[in-house]
>>> print(open('work_4.tsv').read())   # TSV, C-alpha atoms and all ligand atoms
chain	number	residue	atom	x	y	z
A	1	MET	CA	17.46	-16.94	-16.12
A	2	ASN	CA	15.96	-20.03	-17.78
A	3	ILE	CA	15.89	-19.12	-21.49
A	4	SER	CA	14.65	-22.44	-22.86
A	5	SER	CA	10.94	-21.68	-22.25
A	6	PRO	CA	9.10	-18.97	-24.22
A	7	GLN	CA	8.33	-17.07	-20.99
A	8	PRO	CA	11.56	-17.37	-19.02
A	9	SER	CA	11.13	-17.80	-15.32
A	10	LEU	CA	12.95	-15.19	-13.27
A	11	LYS	CA	14.77	-15.36	-9.96
A	12	ILE	CA	13.44	-12.38	-8.07
A	13	LEU	CA	14.74	-10.99	-4.80
A	14	ILE	CA	12.24	-8.77	-2.98
A	15	LEU	CA	13.62	-6.23	-0.50
A	16	SER	CA	11.00	-5.41	2.09
A	17	THR	CA	10.27	-2.18	3.91
A	18	PRO	CA	12.68	-1.49	6.82
A	19	VAL	CA	10.04	0.23	9.02
A	20	GLY	CA	8.58	-2.97	10.48
A	21	ALA	CA	8.47	-6.74	10.23
A	22	LEU	CA	6.14	-8.09	7.57
A	23	GLY	CA	2.90	-9.01	9.31
A	24	SER	CA	3.25	-6.30	11.96
A	25	GLY	CA	1.15	-3.71	10.11
A	26	LEU	CA	3.84	-1.04	10.56
A	27	GLY	CA	4.72	-1.25	6.89
A	28	GLY	CA	1.17	-0.34	5.83
A	29	GLY	CA	-0.07	-1.40	2.41
A	30	VAL	CA	3.32	-2.51	1.19
A	31	GLU	CA	2.99	-5.64	3.36
A	32	LEU	CA	-0.06	-6.87	1.43
A	33	THR	CA	1.48	-5.71	-1.83
A	34	ILE	CA	4.58	-7.86	-1.26
A	35	ALA	CA	2.54	-10.89	-0.21
A	36	ASN	CA	0.16	-10.72	-3.16
A	37	LEU	CA	2.86	-10.05	-5.72
A	38	ALA	CA	5.10	-12.84	-4.40
A	39	ARG	CA	2.25	-15.36	-4.52
A	40	GLU	CA	1.19	-14.27	-8.00
A	41	LEU	CA	4.69	-14.42	-9.48
A	42	GLN	CA	5.43	-17.72	-7.76
A	43	SER	CA	2.28	-19.21	-9.28
A	44	ARG	CA	3.70	-18.21	-12.68
A	45	GLY	CA	6.85	-20.22	-12.09
A	46	HIS	CA	9.19	-17.46	-10.94
A	47	ARG	CA	11.42	-18.02	-7.92
A	48	ILE	CA	10.81	-15.50	-5.16
A	49	ASP	CA	12.85	-14.80	-2.04
A	50	ILE	CA	12.09	-11.98	0.37
A	51	ILE	CA	14.62	-10.16	2.53
A	52	ALA	CA	12.80	-8.60	5.47
A	53	PRO	CA	13.32	-7.48	9.07
A	54	MET	CA	13.55	-10.12	11.79
A	55	GLY	CA	10.13	-11.36	12.91
A	56	SER	CA	8.62	-11.12	9.43
A	57	ASP	CA	6.07	-13.80	8.64
A	58	LEU	CA	3.97	-14.20	5.51
A	59	GLY	CA	3.04	-17.84	6.10
A	60	ASP	CA	3.88	-19.83	2.98
A	61	LEU	CA	6.43	-17.38	1.52
A	62	SER	CA	10.20	-17.86	1.79
A	63	MET	CA	11.75	-15.23	4.02
A	64	ILE	CA	15.35	-14.26	4.75
A	65	GLN	CA	15.11	-12.57	8.14
A	66	ILE	CA	17.59	-9.84	8.99
A	67	PRO	CA	18.31	-8.38	12.43
A	68	GLY	CA	18.78	-4.69	13.15
A	69	GLU	CA	17.04	-1.53	14.23
A	70	LEU	CA	14.03	-0.34	12.23
A	71	GLN	CA	13.98	2.87	10.17
A	72	LEU	CA	11.73	5.82	10.98
A	73	THR	CA	8.73	6.09	8.66
A	74	ALA	CA	9.12	8.86	6.08
A	75	GLN	CA	5.60	10.23	6.54
A	76	THR	CA	6.34	11.39	10.09
A	77	GLN	CA	9.31	13.54	8.99
A	78	GLU	CA	9.79	17.08	7.67
A	79	ASN	CA	10.61	17.71	4.02
A	80	ALA	CA	14.03	19.10	5.05
A	81	ALA	CA	14.84	16.10	7.29
A	82	SER	CA	18.30	14.56	7.14
A	83	ILE	CA	18.75	10.89	6.45
A	84	VAL	CA	19.10	9.07	9.75
A	85	MET	CA	20.60	5.63	10.31
A	86	PRO	CA	20.49	3.92	13.71
A	87	GLY	CA	23.61	2.23	15.09
A	88	ASN	CA	22.74	-1.20	13.69
A	89	PRO	CA	20.37	-0.41	10.81
A	90	VAL	CA	18.19	-3.22	9.50
A	91	LEU	CA	17.98	-1.35	6.18
A	92	ALA	CA	21.74	-1.44	5.66
A	93	ASN	CA	21.90	-5.05	6.88
A	94	MET	CA	19.18	-6.10	4.40
A	95	TRP	CA	21.01	-4.49	1.50
A	96	ALA	CA	24.35	-5.98	2.56
A	97	LYS	CA	22.67	-9.38	2.43
A	98	ALA	CA	21.21	-8.60	-0.99
A	99	ARG	CA	24.67	-7.64	-2.26
A	100	ALA	CA	26.16	-10.87	-0.91
A	101	ILE	CA	23.64	-13.10	-2.69
A	102	GLN	CA	22.90	-11.01	-5.80
A	103	ALA	CA	24.58	-13.50	-8.16
A	104	ASP	CA	21.70	-15.93	-7.52
A	105	TYR	CA	19.06	-13.55	-8.95
A	106	ASP	CA	17.96	-11.82	-12.15
A	107	ILE	CA	16.36	-8.77	-10.59
A	108	ILE	CA	15.74	-7.03	-7.25
A	109	PHE	CA	12.35	-5.54	-6.40
A	110	ASN	CA	12.87	-2.76	-3.87
A	111	THR	CA	9.89	-1.68	-1.76
A	112	ALA	CA	11.76	0.52	0.75
A	113	PHE	CA	10.91	4.21	0.57
A	114	ASP	CA	14.28	5.30	1.90
A	115	TRP	CA	17.50	6.91	0.70
A	116	LEU	CA	19.92	4.00	0.94
A	117	PRO	CA	18.52	1.64	-1.76
A	118	PHE	CA	18.62	4.45	-4.32
A	119	TYR	CA	22.13	5.46	-3.30
A	120	LEU	CA	23.29	1.83	-3.58
A	121	THR	CA	21.74	1.15	-7.00
A	122	PRO	CA	24.93	1.79	-9.10
A	123	PHE	CA	26.89	-0.56	-6.83
A	124	PHE	CA	24.78	-3.60	-7.78
A	125	ASP	CA	25.40	-5.90	-10.74
A	126	LEU	CA	21.74	-6.60	-11.53
A	127	PRO	CA	18.74	-4.40	-12.34
A	128	ILE	CA	16.75	-3.00	-9.43
A	129	ALA	CA	13.05	-2.28	-9.96
A	130	HIS	CA	12.23	0.39	-7.38
A	131	PHE	CA	8.60	0.33	-6.26
A	132	VAL	CA	8.02	3.82	-4.84
A	133	SER	CA	4.94	3.58	-2.63
A	134	MET	CA	4.70	7.16	-1.34
A	135	GLY	CA	4.62	10.60	-2.85
A	136	SER	CA	7.30	13.21	-2.20
A	137	GLN	CA	8.06	13.35	1.54
A	138	ILE	CA	11.71	14.18	2.16
A	139	ALA	CA	13.84	16.27	-0.23
A	140	ALA	CA	16.94	14.09	0.27
A	141	ILE	CA	15.04	10.95	-0.73
A	142	ASP	CA	13.50	12.73	-3.74
A	143	ALA	CA	16.99	13.67	-4.91
A	144	ALA	CA	18.22	10.09	-4.54
A	145	ILE	CA	15.23	8.74	-6.49
A	146	GLU	CA	15.70	11.35	-9.20
A	147	GLY	CA	19.36	10.37	-9.63
A	148	VAL	CA	18.33	6.75	-10.24
A	149	ALA	CA	15.49	7.81	-12.54
A	150	ILE	CA	18.03	9.64	-14.73
A	151	ASP	CA	20.84	7.08	-14.65
A	152	PHE	CA	18.67	3.94	-14.79
A	153	PRO	CA	15.69	4.82	-17.02
A	154	GLY	CA	12.50	2.84	-16.46
A	155	THR	CA	13.46	1.54	-13.03
A	156	ILE	CA	11.29	3.90	-10.95
A	157	GLY	CA	7.79	2.47	-10.62
A	158	VAL	CA	5.04	4.49	-8.95
A	159	CYS	CA	1.47	3.51	-8.10
A	160	THR	CA	-0.53	6.34	-9.66
A	161	ARG	CA	-0.15	9.40	-11.87
A	162	THR	CA	-1.17	11.74	-9.02
A	163	GLN	CA	1.57	10.29	-6.86
A	164	ALA	CA	4.13	10.72	-9.67
A	165	GLU	CA	3.16	14.38	-9.93
A	166	THR	CA	4.28	15.04	-6.35
A	167	PHE	CA	7.83	14.59	-7.72
A	168	SER	CA	9.58	17.16	-9.92
A	169	PHE	CA	10.68	14.22	-12.14
A	170	ALA	CA	7.17	12.79	-12.69
A	171	ASP	CA	7.85	12.13	-16.37
A	172	LEU	CA	10.72	9.79	-15.49
A	173	CYS	CA	8.42	7.54	-13.41
A	174	CYS	CA	6.58	4.49	-14.76
A	175	VAL	CA	3.04	4.12	-13.40
A	176	VAL	CA	2.86	0.41	-12.51
A	177	GLY	CA	-0.15	0.38	-10.16
A	178	GLY	CA	-0.13	-0.13	-6.43
A	179	SER	CA	-1.30	-3.67	-5.84
A	180	GLY	CA	-3.83	-6.29	-6.81
A	181	VAL	CA	-6.16	-8.47	-4.77
A	182	ASP	CA	-6.93	-12.15	-5.04
A	183	PRO	CA	-10.75	-12.14	-5.34
A	184	ALA	CA	-10.88	-15.64	-3.81
A	185	VAL	CA	-9.62	-14.24	-0.50
A	186	TYR	CA	-12.47	-11.69	-0.19
A	187	GLN	CA	-16.09	-12.79	-0.03
A	188	TYR	CA	-18.73	-10.72	-1.80
A	189	CYS	CA	-21.63	-9.54	0.36
A	190	ASP	CA	-24.80	-7.99	-1.04
A	191	THR	CA	-26.72	-7.69	2.23
A	192	PRO	CA	-24.66	-5.48	4.54
A	193	ALA	CA	-25.61	-4.29	8.00
A	194	ASP	CA	-26.20	-0.59	8.68
A	195	ALA	CA	-22.55	0.15	9.42
A	196	LEU	CA	-19.60	1.89	7.81
A	197	ALA	CA	-15.94	0.89	7.78
A	198	TRP	CA	-12.64	2.74	8.07
A	199	LEU	CA	-9.39	0.84	7.57
A	200	GLY	CA	-5.76	1.78	7.79
A	201	ARG	CA	-2.86	2.84	9.95
A	202	ILE	CA	-4.16	5.10	12.70
A	203	SER	CA	-1.87	8.04	12.05
A	204	PRO	CA	-2.58	11.76	11.40
A	205	GLU	CA	-2.04	11.66	7.61
A	206	LYS	CA	-5.02	9.30	7.37
A	207	ALA	CA	-7.38	11.77	9.12
A	208	LEU	CA	-9.55	9.17	10.83
A	209	GLU	CA	-11.15	12.04	12.79
A	210	ASP	CA	-13.10	13.10	9.67
A	211	ALA	CA	-14.67	9.65	9.35
A	212	VAL	CA	-15.50	9.67	13.07
A	213	ALA	CA	-17.09	13.12	12.69
A	214	ALA	CA	-19.18	11.81	9.78
A	215	ALA	CA	-20.27	8.81	11.88
A	216	GLU	CA	-21.31	11.16	14.67
A	217	ARG	CA	-23.32	13.31	12.23
A	218	THR	CA	-25.14	10.36	10.60
A	219	GLY	CA	-25.46	8.17	13.70
A	220	ILE	CA	-24.29	5.19	11.63
A	221	LYS	CA	-21.83	2.88	13.37
A	222	LEU	CA	-18.22	3.12	12.16
A	223	LYS	CA	-16.10	-0.03	12.42
A	224	ILE	CA	-12.43	0.89	12.63
A	225	MET	CA	-9.71	-1.62	11.77
A	226	GLY	CA	-5.98	-1.02	11.67
A	227	LYS	CA	-2.66	-0.62	13.38
A	228	ILE	CA	-2.52	2.12	16.01
A	229	GLN	CA	0.68	3.81	14.90
A	230	ASP	CA	0.15	7.01	16.90
A	231	LEU	CA	-1.50	6.27	20.26
A	232	ALA	CA	-1.77	9.92	21.36
A	233	TYR	CA	-3.57	10.76	18.11
A	234	TRP	CA	-6.03	7.87	18.59
A	235	GLU	CA	-6.73	8.89	22.19
A	236	LYS	CA	-7.36	12.48	21.13
A	237	ILE	CA	-9.94	11.36	18.56
A	238	GLN	CA	-11.80	9.41	21.26
A	239	CYS	CA	-11.73	12.48	23.56
A	240	ASP	CA	-12.89	14.84	20.80
A	241	TYR	CA	-15.82	12.63	19.75
A	242	PRO	CA	-16.99	10.90	22.93
A	243	HIS	CA	-20.48	10.21	21.54
A	244	ALA	CA	-19.53	9.01	18.05
A	245	PRO	CA	-20.82	5.48	17.36
A	246	ILE	CA	-17.43	3.90	16.74
A	247	GLU	CA	-16.10	0.42	17.38
A	248	TYR	CA	-12.38	-0.42	17.20
A	249	LEU	CA	-11.88	-4.02	16.08
A	250	GLY	CA	-8.06	-4.05	16.24
A	251	PHE	CA	-5.46	-4.79	13.58
A	252	LEU	CA	-6.95	-7.78	11.82
A	253	PRO	CA	-5.44	-10.40	9.52
A	254	THR	CA	-6.87	-10.28	5.99
A	255	HIS	CA	-9.34	-13.14	6.50
A	256	GLU	CA	-10.96	-11.49	9.54
A	257	LEU	CA	-10.67	-8.04	8.03
A	258	GLN	CA	-12.77	-9.01	5.01
A	259	GLN	CA	-15.35	-10.72	7.25
A	260	ALA	CA	-16.01	-7.45	9.07
A	261	LEU	CA	-15.56	-5.20	6.04
A	262	ARG	CA	-17.94	-7.01	3.70
A	263	ASN	CA	-20.84	-6.48	6.10
A	264	CYS	CA	-20.53	-2.70	5.87
A	265	ARG	CA	-22.60	-0.43	3.62
A	266	GLY	CA	-19.58	1.60	2.64
A	267	MET	CA	-15.99	2.36	3.49
A	268	LEU	CA	-14.67	5.86	4.19
A	269	MET	CA	-11.20	6.95	3.03
A	270	THR	CA	-10.19	10.32	4.39
A	271	PRO	CA	-6.50	10.86	3.61
A	272	ARG	CA	-5.10	14.29	4.45
A	273	TRP	CA	-1.97	13.49	2.40
A	274	ILE	CA	-1.66	12.45	-1.21
A	275	GLU	CA	-2.16	8.75	-0.76
A	276	ALA	CA	0.01	7.00	-3.37
A	277	PHE	CA	-2.52	4.21	-3.89
A	278	GLY	CA	-4.71	2.87	-1.06
A	279	ASN	CA	-4.79	-0.91	-0.80
A	280	VAL	CA	-7.83	-0.73	1.44
A	281	ALA	CA	-9.85	0.70	-1.46
A	282	ILE	CA	-9.37	-2.38	-3.64
A	283	GLU	CA	-9.96	-4.69	-0.67
A	284	ALA	CA	-13.32	-2.99	-0.04
A	285	LEU	CA	-14.25	-3.27	-3.72
A	286	ALA	CA	-13.41	-6.99	-3.61
A	287	CYS	CA	-16.04	-7.43	-0.88
A	288	GLY	CA	-18.58	-5.42	-2.89
A	289	VAL	CA	-18.23	-2.45	-0.54
A	290	PRO	CA	-18.46	1.01	-2.17
A	291	VAL	CA	-15.76	3.49	-1.20
A	292	ILE	CA	-16.39	7.10	-0.25
A	293	ALA	CA	-13.07	8.91	-0.60
A	294	TYR	CA	-11.68	12.39	-0.79
A	295	ARG	CA	-10.96	13.36	-4.40
A	296	ARG	CA	-7.23	13.34	-3.75
A	297	GLY	CA	-4.34	10.99	-4.57
A	298	GLY	CA	-4.63	7.28	-5.35
A	299	PRO	CA	-8.25	6.69	-4.28
A	300	ALA	CA	-9.39	9.24	-6.87
A	301	GLU	CA	-7.76	7.07	-9.57
A	302	ILE	CA	-9.23	3.83	-8.17
A	303	ILE	CA	-12.85	4.81	-7.52
A	304	THR	CA	-15.26	5.57	-10.35
A	305	ASP	CA	-17.48	8.32	-8.96
A	306	GLY	CA	-21.12	7.20	-8.86
A	307	LYS	CA	-20.30	3.59	-9.88
A	308	THR	CA	-17.92	2.05	-7.34
A	309	GLY	CA	-18.33	4.77	-4.72
A	310	PHE	CA	-18.22	8.53	-4.41
A	311	LEU	CA	-15.39	11.04	-4.63
A	312	VAL	CA	-16.01	14.06	-2.42
A	313	GLU	CA	-14.34	17.41	-1.85
A	314	PRO	CA	-11.13	16.85	0.15
A	315	ASP	CA	-11.42	17.52	3.90
A	316	SER	CA	-15.20	18.01	3.73
A	317	VAL	CA	-17.05	16.07	6.44
A	318	GLU	CA	-20.26	17.47	4.94
A	319	GLY	CA	-19.26	15.86	1.62
A	320	LEU	CA	-18.83	12.50	3.37
A	321	VAL	CA	-22.26	12.81	5.01
A	322	VAL	CA	-23.99	13.60	1.70
A	323	ALA	CA	-22.26	10.65	0.00
A	324	ILE	CA	-23.19	8.27	2.86
A	325	ASP	CA	-26.81	9.19	2.24
A	326	ARG	CA	-26.41	8.14	-1.42
A	327	LEU	CA	-24.74	4.76	-0.82
A	328	ASP	CA	-27.82	2.80	-1.91
A	329	GLU	CA	-27.37	4.18	-5.45
A	330	ILE	CA	-24.30	1.97	-5.89
A	331	ASP	CA	-24.66	-1.53	-7.30
A	332	ARG	CA	-22.28	-3.54	-5.10
A	333	SER	CA	-21.66	-6.07	-7.87
A	334	ASP	CA	-19.97	-3.26	-9.86
A	335	CYS	CA	-17.48	-2.89	-7.01
A	336	ARG	CA	-16.70	-6.60	-6.95
A	337	HIS	CA	-16.38	-6.60	-10.74
A	338	ALA	CA	-13.74	-3.83	-10.61
A	339	ALA	CA	-11.71	-5.88	-8.11
A	340	GLU	CA	-12.01	-9.03	-10.23
A	341	THR	CA	-10.81	-7.27	-13.37
A	342	VAL	CA	-8.84	-4.00	-13.14
A	343	PHE	CA	-7.57	-4.48	-9.57
A	344	SER	CA	-7.02	-8.23	-9.47
A	345	GLN	CA	-3.77	-9.81	-8.38
A	346	ALA	CA	-3.50	-11.44	-11.82
A	347	ALA	CA	-3.91	-8.13	-13.68
A	348	TRP	CA	-1.28	-6.49	-11.48
A	349	GLY	CA	1.00	-9.50	-11.91
A	350	ASN	CA	0.88	-8.97	-15.70
A	351	VAL	CA	2.01	-5.35	-15.34
A	352	ILE	CA	4.85	-6.10	-12.94
A	353	GLU	CA	6.01	-9.17	-14.84
A	354	SER	CA	6.25	-7.14	-18.08
A	355	TRP	CA	8.13	-4.41	-16.20
A	356	PHE	CA	10.64	-6.97	-14.89
A	357	TYR	CA	11.13	-8.51	-18.36
A	358	ARG	CA	11.80	-5.03	-19.77
A	359	LEU	CA	14.41	-4.34	-17.10
A	360	VAL	CA	16.08	-7.73	-17.31
A	361	GLY	CA	16.20	-7.32	-21.10
B	401	LIG	N1	-4.80	-3.69	7.21
B	401	LIG	C1	-4.76	-4.91	7.87
B	401	LIG	N2	-5.53	-5.09	8.97
B	401	LIG	C2	-6.34	-4.10	9.46
B	401	LIG	C3	-6.40	-2.86	8.77
B	401	LIG	C4	-5.62	-2.69	7.65
B	401	LIG	O1	-4.05	-5.82	7.45
B	401	LIG	O2	-7.00	-4.33	10.47
B	401	LIG	C5	-3.95	-3.50	6.02
B	401	LIG	C6	-4.74	-3.46	4.73
B	401	LIG	O3	-4.98	-4.74	4.25
B	401	LIG	C7	-3.81	-2.66	3.80
B	401	LIG	C8	-2.96	-1.85	4.76
B	401	LIG	O4	-3.30	-2.25	6.08
B	401	LIG	O5	-3.01	-3.53	3.03
B	401	LIG	C9	-3.12	-0.36	4.59
B	401	LIG	O6	-2.61	-0.04	3.36
B	401	LIG	P1	-2.97	1.24	2.50
B	401	LIG	O7	-2.33	1.07	1.16
B	401	LIG	O8	-4.43	1.49	2.48
B	401	LIG	O9	-2.29	2.46	3.28
B	401	LIG	P2	-0.77	2.71	3.79
B	401	LIG	O10	-0.70	2.18	5.17
B	401	LIG	O11	0.15	1.98	2.85
B	401	LIG	O12	-0.59	4.18	3.75
>>> encode(input="work_4.tsv", output="structure tokens")
Amino acid sequence: MNISSPQPSLKILILSTPVGALGSGLGGGVELTIANLARELQSRGHRIDIIAPMGSDLGDLSMIQIPGELQLTAQTQENAASIVMPGNPVLANMWAKARAIQADYDIIFNTAFDWLPFYLTPFFDLPIAHFVSMGSQIAAIDAAIEGVAIDFPGTIGVCTRTQAETFSFADLCCVVGGSGVDPAVYQYCDTPADALAWLGRISPEKALEDAVAAAERTGIKLKIMGKIQDLAYWEKIQCDYPHAPIEYLGFLPTHELQQALRNCRGMLMTPRWIEAFGNVAIEALACGVPVIAYRRGGPAEIITDGKTGFLVEPDSVEGLVVAIDRLDEIDRSDCRHAAETVFSQAAWGNVIESWFYRLVG
């Protein structure tokens, strides 16, 4: 650590998710979270290195690529699931690398929602800030997180209060927010077309079918963007709603994503699970796009009902339809304003930087 300046610059090692290469979309929101945080902290003079699975690419950011087999995503597993490691696990390889180079850093920022990083915490010589980006999924992982929360107070960061409350040790978690957007990357649009958007991993916990049902009921086109994580699920939706006015645009890079998103009247968020945060919500706000979301999990803490969108009864397609009809009541500049202030990359950088300083002491 450089202690000569009033705000010492830190050497920060970020450990990526082991479920996919950065840039692949398999990691979900954590990919954007890592990219935005790394850029923000770097612009403040901190040194950032990222350890990530082979094939990871975040353009300008320094990446230590690690070979090995990917981990299964936690959200597809039962609560009683055992911890599974493949023969040559990228997760273990990433943490072995971190251990080998730890002397070069002040702090590790862990973004993997998996058992191993929590188990390994006492074996490291430097503080580990664990960014927990999902609610309770697997009992064995919960237990590992709880052990760290007790033995290393203040090191468990969660995105939202609702997410924390899915864990029996909610009071031991620090709510540090889920992400922040760079408003310069998203263009504000006040004159959208008559279309709606849905963004995210196409996977059952996201309940895309509810948004498609709402599009069918209203007749308003639904533009769908995101990684198809579960092909059978996606094909079933298309079979179940053959006449819904939907258009799949693919998994788009941020620049193209915001071009399509900003031209929509509203974005639908229909999570069946307790979404820890919901990066897509703050990306929509940055474009001036109001968000209609189920009153459940992270989106309910991001959206101000009646001002930056509408919160509707969970799992109610009827609720979505009623809210779509009210979209014109929202002043889109209020959405953009929320992204420029509360949910900006700079605001989130302040929170995370203070957290790191606290842990580094
Ligand atoms: N996303 C993307 N391209 C797309 C659709 C989505 O890059 O075409 C990204 C989006 O920017 C967001 C992520 O996918 O960062 C989804 O994250 P979110 O936090 O909403 O949900 P998660 O996948 O983490 O459950």
>>> closest_residue(input="work_4.tsv", among="A:Gly219, A:Gly226, A:Pro314, A:Gly87", to="ligand LIG 401 (chain B)", atoms="all atoms listed in the file")
A:Gly226
>>> residues_near_ligand(input="work_4.tsv", ligand="ligand LIG 401 (chain B)", cutoff="9 Å", atoms="all atoms listed in the file", output="ChimeraX atom specification")
/A:23-33,133-134,178-179,198-202,205-206,224-227,249-254,256-258,269,271,275-283
>>> closest_residue(input="work_4.tsv", among="A:Ala323, A:Leu116, A:Ala232, A:Val176", to="Asn350 (chain A)", atoms="only C-alpha atoms")
A:Val176
>>> residues_around(input="work_4.tsv", residues="region 335-343 of chain A", least_positions_apart="5", cutoff="10 Å", atoms="all atoms listed in the file", output="PyMOL selection string")
chain A and resi 177-184+186-189+279+281-291+302-304+307-309+330+348
>>> atom_distance(input="work_4.tsv", atom1="CA of Leu72 (chain A)", atom2="CA of Gly298 (chain A)")
23.2 Å
>>> closest_atom_pairs(input="work_4.tsv", of="region 2-30 of chain A", to="region 50-57 of chain A", cutoff="9 Å", atoms="only C-alpha atoms", output="tab-separated table")
residue	atom	partner	partner_atom	distance
A:Ile12	CA	A:Ile50	CA	8.6
A:Leu13	CA	A:Ile50	CA	5.9
A:Ile14	CA	A:Ile50	CA	4.6
A:Leu15	CA	A:Ile51	CA	5.1
A:Ser16	CA	A:Ala52	CA	5.0
A:Thr17	CA	A:Ala52	CA	7.1
A:Pro18	CA	A:Pro53	CA	6.4
A:Val19	CA	A:Pro53	CA	8.4
A:Gly20	CA	A:Pro53	CA	6.7
A:Ala21	CA	A:Ser56	CA	4.5
A:Leu22	CA	A:Ser56	CA	4.3
A:Gly23	CA	A:Asp57	CA	5.8
A:Ser24	CA	A:Ser56	CA	7.6
>>> closest_residue(input="work_4.tsv", among="A:Pro299, A:Tyr357, A:Ile292, A:Ala92", to="Arg326 (chain A)", atoms="all atoms listed in the file")
A:Ile292
>>> residues_around(input="work_4.tsv", residues="region 155-167 of chain A", least_positions_apart="4", cutoff="8 Å", atoms="only C-alpha atoms", output="ChimeraX atom specification")
/A:127-136,142,145,148-149,171-178,274-277,297-298,301,359
>>> write_last_selection(input="work_4.tsv", atoms="C-alpha atoms", output="short mmCIF file (atom, residue, chain, number, x, y, z; two decimals), keeping the file's coordinate frame")
data_model
loop_
_atom_site.label_atom_id
_atom_site.label_comp_id
_atom_site.auth_asym_id
_atom_site.auth_seq_id
_atom_site.Cartn_x
_atom_site.Cartn_y
_atom_site.Cartn_z
CA PRO A 127 18.74 -4.40 -12.34
CA ILE A 128 16.75 -3.00 -9.43
CA ALA A 129 13.05 -2.28 -9.96
CA HIS A 130 12.23 0.39 -7.38
CA PHE A 131 8.60 0.33 -6.26
CA VAL A 132 8.02 3.82 -4.84
CA SER A 133 4.94 3.58 -2.63
CA MET A 134 4.70 7.16 -1.34
CA GLY A 135 4.62 10.60 -2.85
CA SER A 136 7.30 13.21 -2.20
CA ASP A 142 13.50 12.73 -3.74
CA ILE A 145 15.23 8.74 -6.49
CA VAL A 148 18.33 6.75 -10.24
CA ALA A 149 15.49 7.81 -12.54
CA ASP A 171 7.85 12.13 -16.37
CA LEU A 172 10.72 9.79 -15.49
CA CYS A 173 8.42 7.54 -13.41
CA CYS A 174 6.58 4.49 -14.76
CA VAL A 175 3.04 4.12 -13.40
CA VAL A 176 2.86 0.41 -12.51
CA GLY A 177 -0.15 0.38 -10.16
CA GLY A 178 -0.13 -0.13 -6.43
CA ILE A 274 -1.66 12.45 -1.21
CA GLU A 275 -2.16 8.75 -0.76
CA ALA A 276 0.01 7.00 -3.37
CA PHE A 277 -2.52 4.21 -3.89
CA GLY A 297 -4.34 10.99 -4.57
CA GLY A 298 -4.63 7.28 -5.35
CA GLU A 301 -7.76 7.07 -9.57
CA LEU A 359 14.41 -4.34 -17.10
#
>>> atom_distance(input="work_4.tsv", atom1="CA of Leu261 (chain A)", atom2="CA of Leu37 (chain A)")
22.4 Å
>>> residues_around(input="work_4.tsv", residues="Ala215 (chain A)", least_positions_apart="5", cutoff="8 Å", atoms="all atoms listed in the file", output="VMD selection string")
chain A and resid 220 to 222 244 to 246
>>> residues_around(input="work_4.tsv", residues="His46 (chain A)", least_positions_apart="5", cutoff="6 Å", atoms="all atoms listed in the file", output="ChimeraX atom specification")
/A:9-10,41
>>> atom_distance(input="work_4.tsv", atom1="CA of Asp210 (chain A)", atom2="CA of Gln229 (chain A)")
17.4 Å
>>> residues_near_point(input="work_4.tsv", point="(2.4, -14.0, -4.8)", cutoff="10 Å", atoms="all atoms listed in the file", output="number ranges by chain")
A: 32-44, 46, 48, 60-61, 182, 345-346, 349
>>> closest_residue(input="work_4.tsv", among="A:Ala98, A:Ile108, A:Ala293, A:Ile83", to="Arg47 (chain A)", atoms="all atoms listed in the file")
A:Ile108
>>> residues_near_point(input="work_4.tsv", point="(-6.1, 14.8, 9.5)", cutoff="12 Å", atoms="all atoms listed in the file", output="PyMOL selection string")
chain A and resi 202-213+233-234+236-237+269-274+294+314-317
>>> closest_residue(input="work_4.tsv", among="A:Ala193, A:Ala139, A:Leu268, A:Ala347", to="Ala81 (chain A)", atoms="all atoms listed in the file")
A:Ala139
